[in-house]
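Please read the structure below before turning to the comments.
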Amino acid sequence: MKRWLLAVIAFSLVTSGCSRYKGISETSETDSKTDESQQSTEESVKFPVEVSAEPGKKPVKVKGIYISGYMAGSEGLQAILDKIQGTEINTVVIDVKNDDGRITFAMEDAPTVNEIGATEKYIKDIDSLMAQLKARGLYTIARVVAFRDPYLAEKKPEWALKNKDGSLHRDNKGLAWVNPSRTEVWDYLVEVGTEASKAGFDEVQFDYIRFSTDSSMKQVVFDEKDTRGRSKTDIITEFIQYAYDKLSSSNIFVSADVFGTIIGSKVDAEAVGQIYNDMACHLDYICPMIYPSHYGDGNFGIDHPDMEPYRTIRAALKLSRQDLESAKEAGKRQAIVRPWLQDFTASYLKHHISYGSKEVRAQIQAVYDSGYDEWILWSASNRYTWEGLLSREAAKEESEKLARIRETEETSSPASSETKDLPTEVQTESIEEKAEKSLEGSTAAAERSQETKKEDKKKTRTKPDVVIVTTGGLRD
């Protein structure tokens with residue numbers, strides 16, 4: 001009965017054309033260091049960004065926030081939903097398989113989930129929750145953490161990464177990882193994604209679709225019978241294609257979170273196994289995590305990227321556009337770019353600023369000025385800058401204005417507008433030069449969240465080239 005009601009609600013929302021994802025935007029003062037670079041939408045957006053989507057699926061303009069599985073099943077959710085009401089936010093990303101490898105609600109038709117007892121019922125009644133979210137007109141994304149799965153690794157050690165002595169490999173947090181090359185692991189993730197779809201989620205978003213990168217990885221032994229001669233990047237791209245083919249047949253969107261630093265860096269890409277433009281060929285949406293705090297001093301020619309959110313996001317998305325355009329082929333699907341943005345203060349950095357409505361707005365404006373329309377805010381603690389959000393009405397006016405500008409300017413030269421107001425280094429640096437300034441050796445420092453790791457306030461980084469972080473708690 002509950003599923004029938006959910007279907008009716010969902011149908012009514014689709015037929016009424018309800019919006020599905022919208023995010024923070026505010027006309028706030030500009031940070032002193034972005035006064036010259038941050039332009040209004042009308043001045044800066046002078047080129048359309050072409051996107052494509054799978055035939056038969058309707059693309060959605062997503063503006064959203066992340067909600068943990070714990071929060072989704074608690075009384076605190078109502079306060080968040082009340083804050084969302086009337087704002088431009090039209091999407092929520094909810095943990096279905098969290099950073100501990102636990103499934104956040106009961107899944108009746110998930111044999112492996114039930115065999116290993118992976119369920120931790122943070123969400124007691126998924127049908128009721130989904131009905132409530134749909135009634136509010138929210139697009140729903142199921143976050144599924146993939147290969148950092150300490151629970152599955154402990155329960156199925158034969159599927160886990162192993163050290164030379166046969167012991168389970170553990171990262172610098174003591175967490176075991178499953179082996180990304182094992183098809184059994186792929187099937188488990190598809191199983192979880194399929195059940196999320198059955199529960200009513202509109203999209204499955206994979207996170208941690210990568211290899212661990214800390215220094216202890218040199219102890220790991222990769223069996224040839226598992227790798228079959230494939231590289232890390234081969235394995236991750238094949239998994240994405242495999243999962244997409246399985247899940248998209250159920251008419252659910254499929255997306256993936258990737259490190260922003262892999263864009264334009266061969267060294268970073270090979271370290272984690274993520275090739276940006278290859279992955280984009282097998283997804284509906286690709287979600288680079290381009291938090292300003294996760295770029296080391298000097299990246300993009302910016303002294304302290306965390307202190308200049310507008311310029312950092314603009315520079316990162318310029319690289320994204322260049323990377324995808326270089327690999328684009330006529331008639332070939334390419335994922336829509338939907339970046340993760342920072343809604344937290346990285347006080348563990350020596351050079352940082354407090355993030356509030358002005359800083360969040362600057363990032364969103366940078367997304368629009370780069371020719372993109374969608375974004376999601378990350379806060380591990382689910383504390384968001386509500387005062388930075390536009391009202392639904394104001395957001396609609398903004399979207400209409402943006403559409404008019406892009407329609408008017410679509411004949412303009414992309415080259416001149418893409419490089420406008422960006423650091424010289426971003427305009428001239430080659431892919432090879434970027435690779436030389438990669439994050440090699442500094443990834444381990446990235447697995448911290450300002451909200452969840454208070455002790456990091458006592459620490460500073462001198463000058464790492466890049467810091468990799470994930471969308472999860474501190475997502476690495």
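Chain identifiers are assigned as A, B, and so on, following the order in which chains appear in the structure tokens; residues are numbered from 1 within each chain, and ligands are numbered from 1 in order of appearance.
All residues within stretch 221-402 of chain A that the backbone DSSP calculation assigns to strand (DSSP E or B) are A:Val221, A:Phe253, A:Val254, A:Ser255, A:Ala256, A:Asp257, A:Val258, A:Phe259, A:Tyr285, A:Ile286, A:Cys287, A:Pro288, A:Met289, A:Tyr295, A:Ile336, A:Val337, A:Trp340, A:Leu341, A:Gln342, A:Trp375, A:Ile376, A:Leu377, A:Trp378, A:Ser391.
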**Request:** Find the residues around stretch 280-282 of chain A up to 6 Å (only C-alpha atoms counted), leave out those fewer than 5 positions away in its own chain, and share them as a list of chain:residue names.
**Result:**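 Here the answer would be A:Gln241, A:Arg333, A:Gln334, A:Ala335.
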Deliver the residues from the most recent selection as a file, using N, CA and C atoms, as a CSV table (one decimal), in the first residue's frame.
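Output file result.csv follows:
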chain,number,residue,atom,x,y,z
A,241,GLN,N,31.0,1.4,-16.0
A,241,GLN,CA,30.2,1.0,-17.2
A,241,GLN,C,29.3,-0.2,-16.8
A,333,ARG,N,27.5,9.7,-25.7
A,333,ARG,CA,27.0,10.2,-24.4
A,333,ARG,C,28.1,10.8,-23.6
A,334,GLN,N,27.9,11.9,-22.9
A,334,GLN,CA,28.8,12.5,-22.0
A,334,GLN,C,28.1,13.0,-20.8
A,335,ALA,N,28.5,12.7,-19.6
A,335,ALA,CA,27.8,13.0,-18.4
A,335,ALA,C,27.7,14.5,-18.2
**Item:** Nearest candidate to A:Val185 (options A:Ser231, A:Gln205, A:Thr112, A:Ser347; using only C-alpha atoms)
**Value:**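 The shortest atom-to-atom distance to A:Val185 comes from A:Thr112.
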**Message:** Between atom CA of A:Asp100 and atom CA of A:Gly137, what is the distance in Å, rounded to a tenth?
**Reply:**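 These atoms are spaced 29.8 Å apart.
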**Contacts of A:Thr237 within 12 Å, only C-alpha atoms, excl. fewer than 2 positions in-chain, as JSON, numbers by chain** = {"A": [180, 181, 186, 209, 210, 230, 231, 232, 233, 234, 235, 239, 240, 241, 242, 243, 244, 256, 258, 269, 270, 272, 273, 274, 275, 276, 277, 278, 279, 280, 281, 282, 283]}
If you keep N, CA, C and O atoms, can you produce a file of those selected residues as a CSV table (one decimal), in the first residue's frame?
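Below is the file that was written, part04.csv:
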chain,number,residue,atom,x,y,z
A,180,PRO,N,38.6,-3.4,-5.6
A,180,PRO,CA,37.8,-2.9,-6.8
A,180,PRO,C,37.7,-3.7,-8.0
A,180,PRO,O,36.9,-3.5,-8.9
A,181,SER,N,38.7,-4.7,-8.1
A,181,SER,CA,38.7,-5.5,-9.3
A,181,SER,C,37.8,-6.8,-9.2
A,181,SER,O,37.6,-7.5,-10.2
A,186,TRP,N,31.3,-5.6,-7.3
A,186,TRP,CA,30.5,-4.8,-8.3
A,186,TRP,C,29.0,-5.2,-8.2
A,186,TRP,O,28.1,-4.4,-8.1
A,209,ILE,N,34.6,5.5,-5.4
A,209,ILE,CA,34.9,4.6,-6.5
A,209,ILE,C,36.3,4.8,-7.0
A,209,ILE,O,36.6,5.3,-8.0
A,210,ARG,N,37.2,4.3,-6.1
A,210,ARG,CA,38.6,4.5,-6.4
A,210,ARG,C,39.4,3.5,-5.5
A,210,ARG,O,38.9,2.7,-4.7
A,230,ARG,N,44.6,-5.6,-16.1
A,230,ARG,CA,44.0,-4.3,-16.1
A,230,ARG,C,44.7,-3.3,-15.2
A,230,ARG,O,45.1,-3.7,-14.1
A,231,SER,N,44.8,-2.1,-15.6
A,231,SER,CA,45.3,-1.0,-14.7
A,231,SER,C,44.2,-0.6,-13.7
A,231,SER,O,43.0,-0.9,-13.9
A,232,LYS,N,44.6,0.3,-12.8
A,232,LYS,CA,43.6,0.8,-11.9
A,232,LYS,C,42.5,1.6,-12.6
A,232,LYS,O,41.3,1.5,-12.3
A,233,THR,N,43.0,2.4,-13.6
A,233,THR,CA,42.0,3.2,-14.3
A,233,THR,C,41.1,2.3,-15.1
A,233,THR,O,39.9,2.6,-15.3
A,234,ASP,N,41.6,1.2,-15.7
A,234,ASP,CA,40.8,0.3,-16.5
A,234,ASP,C,39.7,-0.3,-15.5
A,234,ASP,O,38.5,-0.3,-15.9
A,235,ILE,N,40.1,-0.7,-14.4
A,235,ILE,CA,39.1,-1.3,-13.4
A,235,ILE,C,38.0,-0.4,-13.0
A,235,ILE,O,36.8,-0.7,-13.0
A,239,PHE,N,34.1,-0.8,-13.9
A,239,PHE,CA,33.0,-0.8,-12.9
A,239,PHE,C,31.9,0.1,-13.2
A,239,PHE,O,30.7,-0.2,-13.1
A,240,ILE,N,32.3,1.4,-13.5
A,240,ILE,CA,31.3,2.4,-13.8
A,240,ILE,C,30.4,2.0,-15.0
A,240,ILE,O,29.2,2.1,-15.0
A,241,GLN,N,31.0,1.4,-16.0
A,241,GLN,CA,30.2,1.0,-17.2
A,241,GLN,C,29.3,-0.2,-16.8
A,241,GLN,O,28.1,-0.2,-17.2
A,242,TYR,N,29.8,-1.1,-16.0
A,242,TYR,CA,29.1,-2.3,-15.6
A,242,TYR,C,27.9,-1.8,-14.7
A,242,TYR,O,26.7,-2.3,-15.0
A,243,ALA,N,28.1,-1.0,-13.8
A,243,ALA,CA,27.0,-0.5,-12.9
A,243,ALA,C,26.0,0.3,-13.7
A,243,ALA,O,24.8,0.2,-13.4
A,244,TYR,N,26.5,1.1,-14.6
A,244,TYR,CA,25.6,2.0,-15.4
A,244,TYR,C,24.6,1.1,-16.2
A,244,TYR,O,23.4,1.3,-16.2
A,256,ALA,N,28.5,9.7,-10.3
A,256,ALA,CA,29.7,9.3,-9.5
A,256,ALA,C,30.4,10.5,-9.0
A,256,ALA,O,30.5,11.5,-9.8
A,258,VAL,N,33.9,12.2,-8.0
A,258,VAL,CA,35.3,12.0,-8.3
A,258,VAL,C,36.1,13.2,-7.7
A,258,VAL,O,35.6,14.3,-7.5
A,269,ALA,N,45.2,10.9,-11.5
A,269,ALA,CA,44.2,10.0,-12.1
A,269,ALA,C,44.6,8.6,-11.9
A,269,ALA,O,43.8,7.7,-11.5
A,270,GLU,N,45.9,8.3,-12.2
A,270,GLU,CA,46.4,6.9,-12.1
A,270,GLU,C,46.5,6.5,-10.7
A,270,GLU,O,46.4,5.3,-10.4
A,272,VAL,N,44.5,7.1,-8.1
A,272,VAL,CA,43.2,6.7,-7.6
A,272,VAL,C,42.4,5.9,-8.5
A,272,VAL,O,41.4,5.2,-8.1
A,273,GLY,N,42.8,5.9,-9.8
A,273,GLY,CA,42.1,5.0,-10.8
A,273,GLY,C,40.9,5.7,-11.5
A,273,GLY,O,40.1,5.1,-12.1
A,274,GLN,N,40.9,7.1,-11.4
A,274,GLN,CA,39.8,7.8,-12.0
A,274,GLN,C,40.2,8.6,-13.2
A,274,GLN,O,41.0,9.6,-13.1
A,275,ILE,N,39.8,8.3,-14.4
A,275,ILE,CA,40.0,9.1,-15.6
A,275,ILE,C,38.7,9.8,-15.9
A,275,ILE,O,37.7,9.3,-16.2
A,276,TYR,N,38.8,11.1,-15.7
A,276,TYR,CA,37.6,12.0,-15.8
A,276,TYR,C,36.8,11.8,-17.0
A,276,TYR,O,35.6,11.5,-17.0
A,277,ASN,N,37.4,12.0,-18.2
A,277,ASN,CA,36.6,11.9,-19.4
A,277,ASN,C,36.2,10.5,-19.8
A,277,ASN,O,35.1,10.3,-20.4
A,278,ASP,N,36.9,9.5,-19.4
A,278,ASP,CA,36.5,8.1,-19.6
A,278,ASP,C,35.3,7.8,-18.8
A,278,ASP,O,34.3,7.2,-19.3
A,279,MET,N,35.3,8.2,-17.5
A,279,MET,CA,34.1,7.9,-16.6
A,279,MET,C,32.9,8.6,-17.1
A,279,MET,O,31.8,8.1,-17.0
A,280,ALA,N,33.1,9.9,-17.6
A,280,ALA,CA,32.0,10.7,-18.1
A,280,ALA,C,31.2,10.0,-19.2
A,280,ALA,O,30.0,10.4,-19.5
A,281,CYS,N,31.8,9.1,-19.9
A,281,CYS,CA,31.2,8.4,-21.0
A,281,CYS,C,30.2,7.3,-20.6
A,281,CYS,O,29.4,6.8,-21.4
A,282,HIS,N,30.2,7.0,-19.3
A,282,HIS,CA,29.4,5.9,-18.8
A,282,HIS,C,28.5,6.3,-17.6
A,282,HIS,O,28.2,5.5,-16.7
A,283,LEU,N,28.2,7.6,-17.5
A,283,LEU,CA,27.4,8.2,-16.5
A,283,LEU,C,26.4,9.2,-17.0
A,283,LEU,O,26.5,9.7,-18.1
**Asked** Which one of A:Gly117, A:Gly193, A:Pro292, A:Pro305 sits closest to A:Ala146 if you count only C-alpha atoms?
**Response**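 Closest to A:Ala146 of all the choices is A:Gly193.
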Per-residue nearest contacts stretch 287-370 of chain A to stretch 374-394 of chain A, cut-off 10 Å, using only C-alpha atoms, as JSON lines:
{"residue": "A:Cys287", "atom": "CA", "partner": "A:Trp375", "partner_atom": "CA", "distance": 8.4}
{"residue": "A:Pro288", "atom": "CA", "partner": "A:Trp375", "partner_atom": "CA", "distance": 9.8}
{"residue": "A:Met289", "atom": "CA", "partner": "A:Trp378", "partner_atom": "CA", "distance": 9.2}
{"residue": "A:Tyr291", "atom": "CA", "partner": "A:Trp378", "partner_atom": "CA", "distance": 8.8}
{"residue": "A:Ile336", "atom": "CA", "partner": "A:Glu374", "partner_atom": "CA", "distance": 8.8}
{"residue": "A:Val337", "atom": "CA", "partner": "A:Glu374", "partner_atom": "CA", "distance": 7.4}
{"residue": "A:Arg338", "atom": "CA", "partner": "A:Trp375", "partner_atom": "CA", "distance": 5.1}
{"residue": "A:Pro339", "atom": "CA", "partner": "A:Trp375", "partner_atom": "CA", "distance": 5.0}
{"residue": "A:Trp340", "atom": "CA", "partner": "A:Ile376", "partner_atom": "CA", "distance": 4.9}
{"residue": "A:Leu341", "atom": "CA", "partner": "A:Leu377", "partner_atom": "CA", "distance": 4.9}
{"residue": "A:Gln342", "atom": "CA", "partner": "A:Trp378", "partner_atom": "CA", "distance": 5.6}
{"residue": "A:Asp343", "atom": "CA", "partner": "A:Ser379", "partner_atom": "CA", "distance": 5.6}
{"residue": "A:Phe344", "atom": "CA", "partner": "A:Ser379", "partner_atom": "CA", "distance": 5.9}
{"residue": "A:Thr345", "atom": "CA", "partner": "A:Ser379", "partner_atom": "CA", "distance": 9.5}
{"residue": "A:Tyr355", "atom": "CA", "partner": "A:Thr385", "partner_atom": "CA", "distance": 8.6}
{"residue": "A:Gly356", "atom": "CA", "partner": "A:Thr385", "partner_atom": "CA", "distance": 6.1}
{"residue": "A:Ser357", "atom": "CA", "partner": "A:Gly388", "partner_atom": "CA", "distance": 4.2}
{"residue": "A:Lys358", "atom": "CA", "partner": "A:Gly388", "partner_atom": "CA", "distance": 7.1}
{"residue": "A:Glu359", "atom": "CA", "partner": "A:Gly388", "partner_atom": "CA", "distance": 9.0}
{"residue": "A:Val360", "atom": "CA", "partner": "A:Gly388", "partner_atom": "CA", "distance": 7.0}
{"residue": "A:Arg361", "atom": "CA", "partner": "A:Gly388", "partner_atom": "CA", "distance": 6.5}
{"residue": "A:Gln363", "atom": "CA", "partner": "A:Trp375", "partner_atom": "CA", "distance": 9.5}
{"residue": "A:Ile364", "atom": "CA", "partner": "A:Trp375", "partner_atom": "CA", "distance": 7.4}
{"residue": "A:Val367", "atom": "CA", "partner": "A:Glu374", "partner_atom": "CA", "distance": 7.6}
{"residue": "A:Tyr368", "atom": "CA", "partner": "A:Glu374", "partner_atom": "CA", "distance": 8.2}
Selected residues written out with N, CA and C atoms, as a JSON list (two decimals), in the first residue's frame:
[["chain", "number", "residue", "atom", "x", "y", "z"],
["A", 287, "CYS", "N", 30.34, 14.15, -10.82],
["A", 287, "CYS", "CA", 30.31, 15.13, -9.73],
["A", 287, "CYS", "C", 31.71, 15.35, -9.15],
["A", 288, "PRO", "N", 32.47, 16.27, -9.73],
["A", 288, "PRO", "CA", 33.81, 16.53, -9.20],
["A", 288, "PRO", "C", 33.73, 17.27, -7.86],
["A", 289, "MET", "N", 34.52, 16.83, -6.91],
["A", 289, "MET", "CA", 34.57, 17.46, -5.59],
["A", 289, "MET", "C", 35.64, 18.54, -5.63],
["A", 291, "TYR", "N", 36.07, 21.37, -3.76],
["A", 291, "TYR", "CA", 36.10, 22.25, -2.60],
["A", 291, "TYR", "C", 37.38, 23.08, -2.61],
["A", 336, "ILE", "N", 26.60, 14.95, -17.61],
["A", 336, "ILE", "CA", 26.41, 16.33, -17.20],
["A", 336, "ILE", "C", 27.28, 16.57, -15.97],
["A", 337, "VAL", "N", 27.95, 17.70, -15.95],
["A", 337, "VAL", "CA", 28.84, 18.04, -14.83],
["A", 337, "VAL", "C", 28.03, 18.70, -13.72],
["A", 338, "ARG", "N", 28.16, 18.14, -12.53],
["A", 338, "ARG", "CA", 27.43, 18.65, -11.36],
["A", 338, "ARG", "C", 28.40, 18.66, -10.17],
["A", 339, "PRO", "N", 29.09, 19.77, -9.93],
["A", 339, "PRO", "CA", 30.12, 19.79, -8.89],
["A", 339, "PRO", "C", 29.59, 19.82, -7.46],
["A", 340, "TRP", "N", 30.39, 19.28, -6.56],
["A", 340, "TRP", "CA", 30.19, 19.44, -5.12],
["A", 340, "TRP", "C", 30.89, 20.73, -4.69],
["A", 341, "LEU", "N", 30.21, 21.53, -3.88],
["A", 341, "LEU", "CA", 30.76, 22.79, -3.39],
["A", 341, "LEU", "C", 30.89, 22.76, -1.86],
["A", 342, "GLN", "N", 31.68, 23.63, -1.35],
["A", 342, "GLN", "CA", 32.05, 23.64, 0.07],
["A", 342, "GLN", "C", 31.12, 24.52, 0.91],
["A", 343, "ASP", "N", 30.50, 23.90, 1.92],
["A", 343, "ASP", "CA", 29.72, 24.67, 2.90],
["A", 343, "ASP", "C", 30.22, 24.31, 4.30],
["A", 344, "PHE", "N", 31.49, 24.48, 4.52],
["A", 344, "PHE", "CA", 32.13, 24.26, 5.81],
["A", 344, "PHE", "C", 33.40, 25.10, 5.85],
["A", 345, "THR", "N", 33.87, 25.35, 7.04],
["A", 345, "THR", "CA", 35.09, 26.14, 7.22],
["A", 345, "THR", "C", 36.26, 25.20, 7.51],
["A", 355, "TYR", "N", 33.58, 30.18, 6.06],
["A", 355, "TYR", "CA", 32.62, 30.08, 4.95],
["A", 355, "TYR", "C", 31.21, 30.36, 5.45],
["A", 356, "GLY", "N", 30.59, 31.36, 4.84],
["A", 356, "GLY", "CA", 29.22, 31.73, 5.13],
["A", 356, "GLY", "C", 28.48, 31.95, 3.84],
["A", 357, "SER", "N", 27.43, 32.75, 3.88],
["A", 357, "SER", "CA", 26.59, 32.94, 2.69],
["A", 357, "SER", "C", 27.36, 33.55, 1.53],
["A", 358, "LYS", "N", 28.27, 34.48, 1.81],
["A", 358, "LYS", "CA", 29.04, 35.13, 0.75],
["A", 358, "LYS", "C", 29.93, 34.13, 0.02],
["A", 359, "GLU", "N", 30.59, 33.26, 0.78],
["A", 359, "GLU", "CA", 31.51, 32.30, 0.18],
["A", 359, "GLU", "C", 30.77, 31.20, -0.58],
["A", 360, "VAL", "N", 29.64, 30.77, -0.04],
["A", 360, "VAL", "CA", 28.85, 29.77, -0.73],
["A", 360, "VAL", "C", 28.29, 30.35, -2.02],
["A", 361, "ARG", "N", 27.80, 31.59, -1.93],
["A", 361, "ARG", "CA", 27.24, 32.25, -3.10],
["A", 361, "ARG", "C", 28.29, 32.44, -4.19],
["A", 363, "GLN", "N", 30.84, 30.57, -4.84],
["A", 363, "GLN", "CA", 31.07, 29.30, -5.53],
["A", 363, "GLN", "C", 29.96, 29.01, -6.53],
["A", 364, "ILE", "N", 28.73, 29.25, -6.11],
["A", 364, "ILE", "CA", 27.60, 28.99, -7.00],
["A", 364, "ILE", "C", 27.67, 29.89, -8.22],
["A", 367, "VAL", "N", 30.02, 28.56, -10.68],
["A", 367, "VAL", "CA", 29.45, 27.46, -11.46],
["A", 367, "VAL", "C", 28.68, 28.03, -12.65],
["A", 368, "TYR", "N", 27.82, 29.00, -12.39],
["A", 368, "TYR", "CA", 27.02, 29.60, -13.45],
["A", 368, "TYR", "C", 27.90, 30.32, -14.47]]
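Our summary of the geometry notes that atom CA of A:Ala327 is positioned 14.7 Å from atom CA of A:Lys266.
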**Item:** DSSP helix (DSSP H, G or I) residues within stretch 121-351 of chain A, as number ranges by chain
**Value:** A: 126-135, 150-155, 157-159, 183-199, 215-219, 224-227, 232-248, 260-262, 266-272, 276-280, 292-294, 299-301, 305-307, 309-327
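Distances here use only C-alpha atoms; by that measure, the residue among A:Pro309, A:Gly69, A:Gly86, A:Gly229 closest to A:Ile103 is A:Gly69.
All residues of protein, DNA or RNA that reach within 9 Å of stretch 120-124 of chain A, judged by only C-alpha atoms and not counting those fewer than 2 positions away in the chain, are Gly69, Tyr70, Met71, Ala72, Gly73, Ser74, Arg102, Ile103, Thr104, Phe105, Ala106, Gly117, Ala118, Ile126, Ser128 and Leu129 of chain A.
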